[in-house]
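Text of the file input_9.pdb, holding PDB, C-alpha atoms, pLDDT in the B column:
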```
ATOM      1  CA  ASP B  21       0.000   0.000   0.000  1.00 86.00           C
ATOM      2  CA  PHE B  22       2.735   2.448   0.943  1.00 88.00           C
ATOM      3  CA  ASP B  23       4.759   1.633  -2.159  1.00 87.00           C
ATOM      4  CA  GLN B  24       1.718   2.167  -4.367  1.00 87.00           C
ATOM      5  CA  ILE B  25       0.695   5.465  -2.785  1.00 90.00           C
ATOM      6  CA  ARG B  26       4.254   6.883  -2.993  1.00 91.00           C
ATOM      7  CA  HIS B  27       4.325   6.633  -6.781  1.00 91.00           C
ATOM      8  CA  ALA B  28       2.299   8.554  -9.341  1.00 90.00           C
ATOM      9  CA  ASP B  29      -0.522   6.738 -11.127  1.00 86.00           C
ATOM     10  CA  PRO B  30       1.082   5.308 -14.289  1.00 82.00           C
ATOM     11  CA  LEU B  31      -1.918   6.181 -16.467  1.00 77.00           C
ATOM     12  CA  THR B  32      -2.759   9.660 -15.211  1.00 85.00           C
ATOM     13  CA  GLY B  33       0.537  10.803 -13.705  1.00 87.00           C
ATOM     14  CA  LYS B  34      -1.344  12.081 -10.651  1.00 91.00           C
ATOM     15  CA  ARG B  35       0.205  11.720  -7.229  1.00 92.00           C
ATOM     16  CA  ALA B  36      -1.713  10.769  -4.103  1.00 91.00           C
ATOM     17  CA  SER B  37      -3.330  13.644  -2.286  1.00 92.00           C
ATOM     18  CA  GLY B  38      -3.017  14.371   1.418  1.00 93.00           C
ATOM     19  CA  GLY B  39      -6.480  12.882   1.843  1.00 94.00           C
ATOM     20  CA  ASP B  40      -5.350   9.659   0.173  1.00 92.00           C
ATOM     21  CA  TRP B  41      -2.380   9.446   2.530  1.00 93.00           C
ATOM     22  CA  ALA B  42      -4.654  10.112   5.510  1.00 95.00           C
ATOM     23  CA  LYS B  43      -7.021   7.296   4.475  1.00 94.00           C
ATOM     24  CA  VAL B  44      -4.165   4.809   4.219  1.00 94.00           C
ATOM     25  CA  LEU B  45      -2.552   5.854   7.513  1.00 95.00           C
ATOM     26  CA  ILE B  46      -5.838   5.949   9.428  1.00 97.00           C
ATOM     27  CA  GLY B  47      -6.872   2.599   7.959  1.00 95.00           C
ATOM     28  CA  LYS B  48      -3.577   0.998   9.001  1.00 96.00           C
ATOM     29  CA  ALA B  49      -3.792   2.526  12.493  1.00 97.00           C
ATOM     30  CA  LEU B  50      -7.370   1.305  12.952  1.00 97.00           C
ATOM     31  CA  HIS B  51      -6.453  -2.174  11.748  1.00 96.00           C
ATOM     32  CA  ILE B  52      -3.525  -2.521  14.154  1.00 96.00           C
ATOM     33  CA  SER B  53      -5.483  -0.907  17.015  1.00 96.00           C
ATOM     34  CA  LEU B  54      -8.592  -3.071  16.690  1.00 96.00           C
ATOM     35  CA  LEU B  55      -7.015  -6.385  15.735  1.00 95.00           C
ATOM     36  CA  LEU B  56      -3.797  -6.354  17.734  1.00 96.00           C
ATOM     37  CA  VAL B  57      -3.538  -3.593  20.351  1.00 96.00           C
ATOM     38  CA  LEU B  58      -7.097  -3.962  21.714  1.00 97.00           C
ATOM     39  CA  PRO B  59      -6.774  -7.729  22.229  1.00 96.00           C
ATOM     40  CA  LEU B  60      -3.387  -7.191  23.900  1.00 96.00           C
ATOM     41  CA  VAL B  61      -5.007  -4.713  26.300  1.00 96.00           C
ATOM     42  CA  VAL B  62      -8.270  -6.559  27.061  1.00 96.00           C
ATOM     43  CA  MET B  63      -7.405 -10.229  26.909  1.00 95.00           C
ATOM     44  CA  LYS B  64      -5.677 -12.071  29.703  1.00 94.00           C
ATOM     45  CA  ALA B  65      -3.776 -14.372  27.350  1.00 95.00           C
ATOM     46  CA  PRO B  66      -0.005 -14.065  26.997  1.00 96.00           C
ATOM     47  CA  ALA B  67       1.086 -11.505  24.418  1.00 96.00           C
ATOM     48  CA  TRP B  68       2.838 -14.143  22.299  1.00 97.00           C
ATOM     49  CA  GLN B  69      -0.465 -16.039  21.902  1.00 97.00           C
ATOM     50  CA  ILE B  70      -2.325 -12.917  20.815  1.00 96.00           C
ATOM     51  CA  VAL B  71       0.399 -11.981  18.319  1.00 97.00           C
ATOM     52  CA  LEU B  72       0.479 -15.575  17.051  1.00 97.00           C
ATOM     53  CA  GLY B  73      -3.332 -15.544  16.684  1.00 96.00           C
ATOM     54  CA  TYR B  74      -3.155 -12.241  14.797  1.00 96.00           C
ATOM     55  CA  MET B  75      -0.447 -13.588  12.469  1.00 97.00           C
ATOM     56  CA  LEU B  76      -2.397 -16.818  11.942  1.00 97.00           C
ATOM     57  CA  CYS B  77      -5.535 -14.856  10.993  1.00 94.00           C
ATOM     58  CA  LEU B  78      -3.540 -12.794   8.472  1.00 95.00           C
ATOM     59  CA  TYR B  79      -2.019 -15.965   7.029  1.00 96.00           C
ATOM     60  CA  VAL B  80      -5.346 -17.810   6.719  1.00 93.00           C
ATOM     61  CA  GLY B  81      -7.041 -14.785   5.164  1.00 91.00           C
ATOM     62  CA  GLY B  82      -4.200 -14.197   2.708  1.00 93.00           C
ATOM     63  CA  PHE B  83      -3.946 -17.878   1.790  1.00 93.00           C
ATOM     64  CA  THR B  84      -7.711 -18.101   1.235  1.00 90.00           C
ATOM     65  CA  LEU B  85      -7.660 -15.053  -1.033  1.00 90.00           C
ATOM     66  CA  ALA B  86      -4.679 -16.416  -2.964  1.00 94.00           C
ATOM     67  CA  ILE B  87      -6.501 -19.708  -3.577  1.00 93.00           C
ATOM     68  CA  VAL B  88      -9.666 -17.898  -4.660  1.00 92.00           C
ATOM     69  CA  PHE B  89      -7.769 -15.654  -7.092  1.00 93.00           C
ATOM     70  CA  GLN B  90      -5.835 -18.579  -8.569  1.00 95.00           C
ATOM     71  CA  LEU B  91      -9.020 -20.613  -9.124  1.00 94.00           C
ATOM     72  CA  ALA B  92     -10.672 -17.587 -10.717  1.00 94.00           C
ATOM     73  CA  HIS B  93      -7.856 -16.599 -13.069  1.00 93.00           C
ATOM     74  CA  VAL B  94      -5.334 -19.416 -13.544  1.00 92.00           C
ATOM     75  CA  VAL B  95      -7.346 -22.413 -14.703  1.00 92.00           C
ATOM     76  CA  GLU B  96      -7.953 -24.132 -18.007  1.00 90.00           C
ATOM     77  CA  GLY B  97     -10.286 -22.211 -20.264  1.00 90.00           C
ATOM     78  CA  VAL B  98      -9.233 -18.665 -19.421  1.00 90.00           C
ATOM     79  CA  VAL B  99      -6.910 -16.718 -21.685  1.00 88.00           C
ATOM     80  CA  PHE B 100      -3.772 -14.836 -20.771  1.00 82.00           C
ATOM     81  CA  PRO B 101      -3.739 -11.969 -23.258  1.00 78.00           C
ATOM     82  CA  ARG B 102      -0.585 -10.152 -24.169  1.00 70.00           C
ATOM     83  CA  VAL B 103      -0.074  -6.698 -22.804  1.00 67.00           C
ATOM     84  CA  PRO B 104      -1.266  -4.325 -25.523  1.00 64.00           C
ATOM     85  CA  THR B 105       1.372  -2.237 -27.238  1.00 65.00           C
ATOM     86  CA  ASP B 106      -0.724   0.842 -26.505  1.00 69.00           C
ATOM     87  CA  ALA B 107      -1.016   0.693 -22.708  1.00 65.00           C
ATOM     88  CA  ASN B 108      -4.268   2.648 -22.778  1.00 68.00           C
ATOM     89  CA  ARG B 109      -6.152   0.355 -25.191  1.00 74.00           C
ATOM     90  CA  MET B 110      -7.172  -3.268 -25.001  1.00 75.00           C
ATOM     91  CA  PRO B 111      -7.764  -5.186 -28.248  1.00 76.00           C
ATOM     92  CA  GLU B 112     -11.258  -6.189 -27.087  1.00 83.00           C
ATOM     93  CA  ALA B 113     -14.136  -4.613 -25.204  1.00 88.00           C
ATOM     94  CA  TRP B 114     -13.877  -4.448 -21.410  1.00 89.00           C
ATOM     95  CA  ALA B 115     -16.745  -6.914 -20.743  1.00 93.00           C
ATOM     96  CA  GLU B 116     -15.392  -9.379 -23.303  1.00 93.00           C
ATOM     97  CA  HIS B 117     -11.983  -9.200 -21.625  1.00 90.00           C
ATOM     98  CA  GLN B 118     -13.589  -9.989 -18.247  1.00 93.00           C
ATOM     99  CA  LEU B 119     -15.356 -13.043 -19.669  1.00 94.00           C
ATOM    100  CA  ARG B 120     -12.208 -14.347 -21.355  1.00 92.00           C
ATOM    101  CA  THR B 121      -9.885 -13.896 -18.368  1.00 91.00           C
ATOM    102  CA  THR B 122     -12.013 -15.093 -15.448  1.00 94.00           C
ATOM    103  CA  ALA B 123     -13.712 -18.292 -14.358  1.00 95.00           C
ATOM    104  CA  ASN B 124     -16.293 -19.282 -11.799  1.00 95.00           C
ATOM    105  CA  PHE B 125     -15.920 -22.278  -9.513  1.00 93.00           C
ATOM    106  CA  GLY B 126     -17.761 -23.994  -6.695  1.00 84.00           C
ATOM    107  CA  LYS B 127     -21.253 -22.529  -6.900  1.00 75.00           C
ATOM    108  CA  THR B 128     -22.409 -23.878  -3.539  1.00 83.00           C
ATOM    109  CA  TRP B 129     -23.760 -21.714  -0.763  1.00 85.00           C
ATOM    110  CA  LEU B 130     -20.764 -22.695   1.376  1.00 85.00           C
ATOM    111  CA  ALA B 131     -18.220 -21.669  -1.275  1.00 83.00           C
ATOM    112  CA  THR B 132     -20.087 -18.409  -1.830  1.00 85.00           C
ATOM    113  CA  PHE B 133     -20.184 -17.761   1.932  1.00 86.00           C
ATOM    114  CA  ILE B 134     -16.497 -18.546   2.509  1.00 83.00           C
ATOM    115  CA  CYS B 135     -15.334 -16.643  -0.580  1.00 84.00           C
ATOM    116  CA  GLY B 136     -17.672 -13.701  -0.120  1.00 86.00           C
ATOM    117  CA  GLY B 137     -19.112 -14.297  -3.584  1.00 89.00           C
ATOM    118  CA  LEU B 138     -15.729 -14.447  -5.309  1.00 91.00           C
ATOM    119  CA  ASP B 139     -16.478 -17.995  -6.480  1.00 93.00           C
ATOM    120  CA  HIS B 140     -18.697 -16.107  -8.958  1.00 94.00           C
ATOM    121  CA  GLN B 141     -15.692 -14.207 -10.273  1.00 95.00           C
ATOM    122  CA  ILE B 142     -17.238 -13.467 -13.667  1.00 96.00           C
ATOM    123  CA  GLU B 143     -20.220 -11.711 -12.111  1.00 96.00           C
ATOM    124  CA  HIS B 144     -17.912  -9.972  -9.624  1.00 95.00           C
ATOM    125  CA  HIS B 145     -15.786  -8.575 -12.473  1.00 95.00           C
ATOM    126  CA  LEU B 146     -18.752  -7.514 -14.573  1.00 96.00           C
ATOM    127  CA  MET B 147     -20.807  -6.066 -11.708  1.00 95.00           C
ATOM    128  CA  PRO B 148     -18.463  -5.217  -8.818  1.00 92.00           C
ATOM    129  CA  ARG B 149     -20.898  -2.843  -7.147  1.00 93.00           C
ATOM    130  CA  ILE B 150     -23.707  -5.385  -6.890  1.00 93.00           C
ATOM    131  CA  CYS B 151     -23.869  -7.219  -3.569  1.00 92.00           C
ATOM    132  CA  HIS B 152     -22.397 -10.722  -3.860  1.00 90.00           C
ATOM    133  CA  ILE B 153     -25.532 -12.380  -2.490  1.00 91.00           C
ATOM    134  CA  HIS B 154     -27.147 -11.724  -5.887  1.00 93.00           C
ATOM    135  CA  TYR B 155     -24.383 -13.382  -7.941  1.00 93.00           C
ATOM    136  CA  PRO B 156     -25.862 -16.915  -7.864  1.00 92.00           C
ATOM    137  CA  LYS B 157     -29.122 -15.617  -9.384  1.00 94.00           C
ATOM    138  CA  LEU B 158     -27.289 -13.403 -11.895  1.00 95.00           C
ATOM    139  CA  ALA B 159     -24.934 -16.185 -13.062  1.00 95.00           C
ATOM    140  CA  PRO B 160     -27.442 -17.970 -15.362  1.00 96.00           C
ATOM    141  CA  ILE B 161     -28.414 -14.636 -16.936  1.00 97.00           C
ATOM    142  CA  VAL B 162     -24.761 -13.705 -17.569  1.00 97.00           C
ATOM    143  CA  GLN B 163     -24.068 -17.202 -18.900  1.00 97.00           C
ATOM    144  CA  GLN B 164     -27.007 -16.993 -21.314  1.00 97.00           C
ATOM    145  CA  CYS B 165     -25.944 -13.520 -22.458  1.00 97.00           C
ATOM    146  CA  ALA B 166     -22.365 -14.705 -23.045  1.00 97.00           C
ATOM    147  CA  LYS B 167     -23.605 -17.669 -25.063  1.00 97.00           C
ATOM    148  CA  TYR B 168     -25.884 -15.418 -27.131  1.00 97.00           C
ATOM    149  CA  HIS B 169     -22.911 -13.211 -28.038  1.00 95.00           C
ATOM    150  CA  GLY B 170     -20.571 -16.151 -28.702  1.00 95.00           C
ATOM    151  CA  LEU B 171     -18.381 -15.383 -25.704  1.00 95.00           C
ATOM    152  CA  PRO B 172     -16.971 -17.882 -23.213  1.00 94.00           C
ATOM    153  CA  TYR B 173     -18.403 -18.391 -19.747  1.00 96.00           C
ATOM    154  CA  VAL B 174     -15.859 -20.560 -17.985  1.00 95.00           C
ATOM    155  CA  TYR B 175     -17.024 -22.624 -15.042  1.00 94.00           C
ATOM    156  CA  SER B 176     -14.228 -24.758 -13.629  1.00 90.00           C
ATOM    157  CA  GLY B 177     -16.518 -27.038 -11.641  1.00 88.00           C
ATOM    158  CA  SER B 178     -16.498 -27.860  -7.962  1.00 90.00           C
ATOM    159  CA  PHE B 179     -13.723 -26.615  -5.716  1.00 89.00           C
ATOM    160  CA  PRO B 180     -11.689 -29.856  -6.075  1.00 92.00           C
ATOM    161  CA  THR B 181     -12.230 -29.838  -9.860  1.00 93.00           C
ATOM    162  CA  ALA B 182     -11.065 -26.215 -10.054  1.00 93.00           C
ATOM    163  CA  VAL B 183      -7.976 -27.038  -7.967  1.00 93.00           C
ATOM    164  CA  ALA B 184      -7.173 -29.911 -10.354  1.00 94.00           C
ATOM    165  CA  SER B 185      -7.636 -27.577 -13.338  1.00 93.00           C
ATOM    166  CA  HIS B 186      -5.288 -25.066 -11.703  1.00 93.00           C
ATOM    167  CA  ALA B 187      -2.695 -27.791 -11.110  1.00 93.00           C
ATOM    168  CA  ARG B 188      -2.893 -28.915 -14.761  1.00 92.00           C
ATOM    169  CA  ILE B 189      -2.516 -25.398 -16.142  1.00 91.00           C
ATOM    170  CA  MET B 190       0.400 -24.666 -13.783  1.00 91.00           C
ATOM    171  CA  ARG B 191       2.095 -27.884 -14.926  1.00 90.00           C
ATOM    172  CA  ALA B 192       1.492 -26.943 -18.572  1.00 88.00           C
ATOM    173  CA  LEU B 193       2.798 -23.414 -18.023  1.00 85.00           C
ATOM    174  CA  GLY B 194       5.845 -24.725 -16.150  1.00 85.00           C
ATOM    175  CA  ASN B 195       6.649 -27.191 -18.918  1.00 84.00           C
ATOM    176  CA  ASP B 196       6.094 -24.615 -21.677  1.00 77.00           C
ATOM    177  CA  GLU B 197       3.301 -26.782 -23.094  1.00 75.00           C
ATOM    178  CA  VAL B 198       1.101 -23.805 -23.871  1.00 67.00           C
ATOM    179  CA  GLY B 199       1.785 -20.892 -26.146  1.00 54.00           C
ATOM    180  CA  ILE B 200       1.878 -17.894 -23.849  1.00 49.00           C
ATOM    181  CA  GLU B 201       3.637 -15.951 -26.581  1.00 39.00           C
ATOM    182  CA  THR B 202       0.461 -16.257 -28.659  1.00 38.00           C
ATOM    183  CA  GLY B 203      -1.467 -14.633 -25.834  1.00 37.00           C
ATOM    184  CA  VAL B 204      -3.904 -17.542 -25.498  1.00 44.00           C
ATOM    185  CA  VAL B 205      -3.793 -20.698 -23.423  1.00 47.00           C
ATOM    186  CA  ALA B 206      -5.596 -23.647 -24.962  1.00 46.00           C
ATOM    187  CA  SER B 207      -8.941 -24.332 -23.327  1.00 44.00           C
ATOM    188  CA  GLN B 208      -9.641 -27.691 -21.743  1.00 43.00           C
ATOM    189  CA  ALA B 209     -12.162 -26.547 -19.150  1.00 40.00           C
ATOM    190  CA  THR B 210     -15.883 -26.833 -19.533  1.00 42.00           C
ATOM    191  CA  ALA B 211     -16.959 -23.613 -21.182  1.00 45.00           C
ATOM    192  CA  ALA B 212     -20.697 -23.522 -20.622  1.00 46.00           C
TER
END
```
Using structure tokens, write down the structure from this file.
Amino acid sequence: DFDQIRHADPLTGKRASGGDWAKVLIGKALHISLLLVLPLVVMKAPAWQIVLGYMLCLYVGGFTLAIVFQLAHVVEGVVFPRVPTDANRMPEAWAEHQLRTTANFGKTWLATFICGGLDHQIEHHLMPRICHIHYPKLAPIVQQCAKYHGLPYVYSGSFPTAVASHARIMRALGNDEVGIETGVVASQATAA
């Protein structure tokens, strides 16, 4: 966060304002105060246990998010487009790019609850301001619309199936079995 706010926005050249800095600093202070300092003050557990609990929560949260992002973006069926030569223009429309580069997985109430709706990554990318509880009902509509327009709607399957798809694509990428230089990874996933 601090590294990002120190540098100018690469597209606009604008630097962070004082208000932006204040938001970051206040947010960090509140986080540390509520999740670490307050428990150290109020709880009667040894400090090392509280710090260990705090670190464990950060690890579990970060690991969960990493898994979710990998299953939503690095599975069979999604494409890895080249960076455009003109940094301000993509070769395809924004919504088409979202459909080609993301995948859904899981689709159970438990996966949606644990992931905060990010198991419906396609809907999240297309409609980020809509509450995630609506994604399961929106998914069939988005899928039908994608099909109508001849666009992919990648669903990687259950959580274990998506993990297996991720493992296969990582193996293929590691063994140079896919043509990244072409900008597209061959699809093996179920594109609904």
As a check of understanding, name the residues that the PyMOL selection byres ((chain B and resi 25) around 12) selects in the supplied structure, as an mmCIF file with C-alpha atoms, in the frame of the given file.
```cif
data_model
loop_
_atom_site.group_PDB
_atom_site.id
_atom_site.type_symbol
_atom_site.label_atom_id
_atom_site.label_comp_id
_atom_site.auth_asym_id
_atom_site.auth_seq_id
_atom_site.Cartn_x
_atom_site.Cartn_y
_atom_site.Cartn_z
ATOM 1 C CA ASP B 21 0.000 0.000 0.000
ATOM 2 C CA PHE B 22 2.735 2.448 0.943
ATOM 3 C CA ASP B 23 4.759 1.633 -2.159
ATOM 4 C CA GLN B 24 1.718 2.167 -4.367
ATOM 5 C CA ARG B 26 4.254 6.883 -2.993
ATOM 6 C CA HIS B 27 4.325 6.633 -6.781
ATOM 7 C CA ALA B 28 2.299 8.554 -9.341
ATOM 8 C CA ASP B 29 -0.522 6.738 -11.127
ATOM 9 C CA PRO B 30 1.082 5.308 -14.289
ATOM 10 C CA LYS B 34 -1.344 12.081 -10.651
ATOM 11 C CA ARG B 35 0.205 11.720 -7.229
ATOM 12 C CA ALA B 36 -1.713 10.769 -4.103
ATOM 13 C CA SER B 37 -3.330 13.644 -2.286
ATOM 14 C CA GLY B 38 -3.017 14.371 1.418
ATOM 15 C CA GLY B 39 -6.480 12.882 1.843
ATOM 16 C CA ASP B 40 -5.350 9.659 0.173
ATOM 17 C CA TRP B 41 -2.380 9.446 2.530
ATOM 18 C CA ALA B 42 -4.654 10.112 5.510
ATOM 19 C CA LYS B 43 -7.021 7.296 4.475
ATOM 20 C CA VAL B 44 -4.165 4.809 4.219
ATOM 21 C CA LEU B 45 -2.552 5.854 7.513
#
```
Emit as lines of an AutoDock Vina configuration file the padded axis-aligned box for all listed atoms of range 57-73 of chain B, 8 Å per side, with centre and edge lengths in Å to one decimal.
```
center_x = -2.7
center_y = -9.8
center_z = 23.2
size_x = 27.1
size_y = 28.4
size_z = 29.0
```
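For the structure in this document, the set picked by the PyMOL selection byres ((chain B and resi 87-96) around 8) is B:Phe83, B:Thr84, B:Leu85, B:Ala86, B:Gly97, B:Val98, B:Thr121, B:Thr122, B:Ala123, B:Asn124, B:Phe125, B:Cys135, B:Leu138, B:Asp139, B:Gln141, B:Ser176, B:Ala182, B:Val183, B:Ser185, B:His186, B:Ala187, B:Arg188, B:Ile189, B:Met190, B:Val205, B:Ala206, B:Ser207, B:Gln208, B:Ala209.
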From B:Gly194, B:Gly126, B:Pro148, B:Gly136, residue lying nearest Tyr175 in chain B [all atoms listed in the file]: B:Gly126
Gap from CA of Thr181 in chain B to CA of Lys127 in chain B - Å, one decimal: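 Computing it gives 12.0 Å between the two atoms.
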Atomic separation - CA of Gly177 in chain B relative to CA of Ile150 in chain B, Å: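 Going from CA of Ile150 in chain B over to CA of Gly177 in chain B covers 23.3 Å.
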When the PyMOL selection byres ((chain B and resi 153) around 10) is applied to the structure above, which residues does it catch, written out as an mmCIF file with C-alpha atoms, in the frame of the given file?
```
data_model
loop_
_atom_site.group_PDB
_atom_site.id
_atom_site.type_symbol
_atom_site.label_atom_id
_atom_site.label_comp_id
_atom_site.auth_asym_id
_atom_site.auth_seq_id
_atom_site.Cartn_x
_atom_site.Cartn_y
_atom_site.Cartn_z
ATOM 1 C CA TRP B 129 -23.760 -21.714 -0.763
ATOM 2 C CA THR B 132 -20.087 -18.409 -1.830
ATOM 3 C CA PHE B 133 -20.184 -17.761 1.932
ATOM 4 C CA GLY B 136 -17.672 -13.701 -0.120
ATOM 5 C CA GLY B 137 -19.112 -14.297 -3.584
ATOM 6 C CA ILE B 150 -23.707 -5.385 -6.890
ATOM 7 C CA CYS B 151 -23.869 -7.219 -3.569
ATOM 8 C CA HIS B 152 -22.397 -10.722 -3.860
ATOM 9 C CA HIS B 154 -27.147 -11.724 -5.887
ATOM 10 C CA TYR B 155 -24.383 -13.382 -7.941
ATOM 11 C CA PRO B 156 -25.862 -16.915 -7.864
ATOM 12 C CA LYS B 157 -29.122 -15.617 -9.384
ATOM 13 C CA LEU B 158 -27.289 -13.403 -11.895
#
```
Atom-to-atom span, CA of His140 in chain B and CA of Arg102 in chain B, Å: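 Computed distance, CA of His140 in chain B to CA of Arg102 in chain B, equals 24.4 Å.
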Contacts of Tyr74 in chain B at 12 Å (only C-alpha atoms; same-chain gap of 2+ positions) as number ranges by chain: B: 51-60, 67-72, 76-81
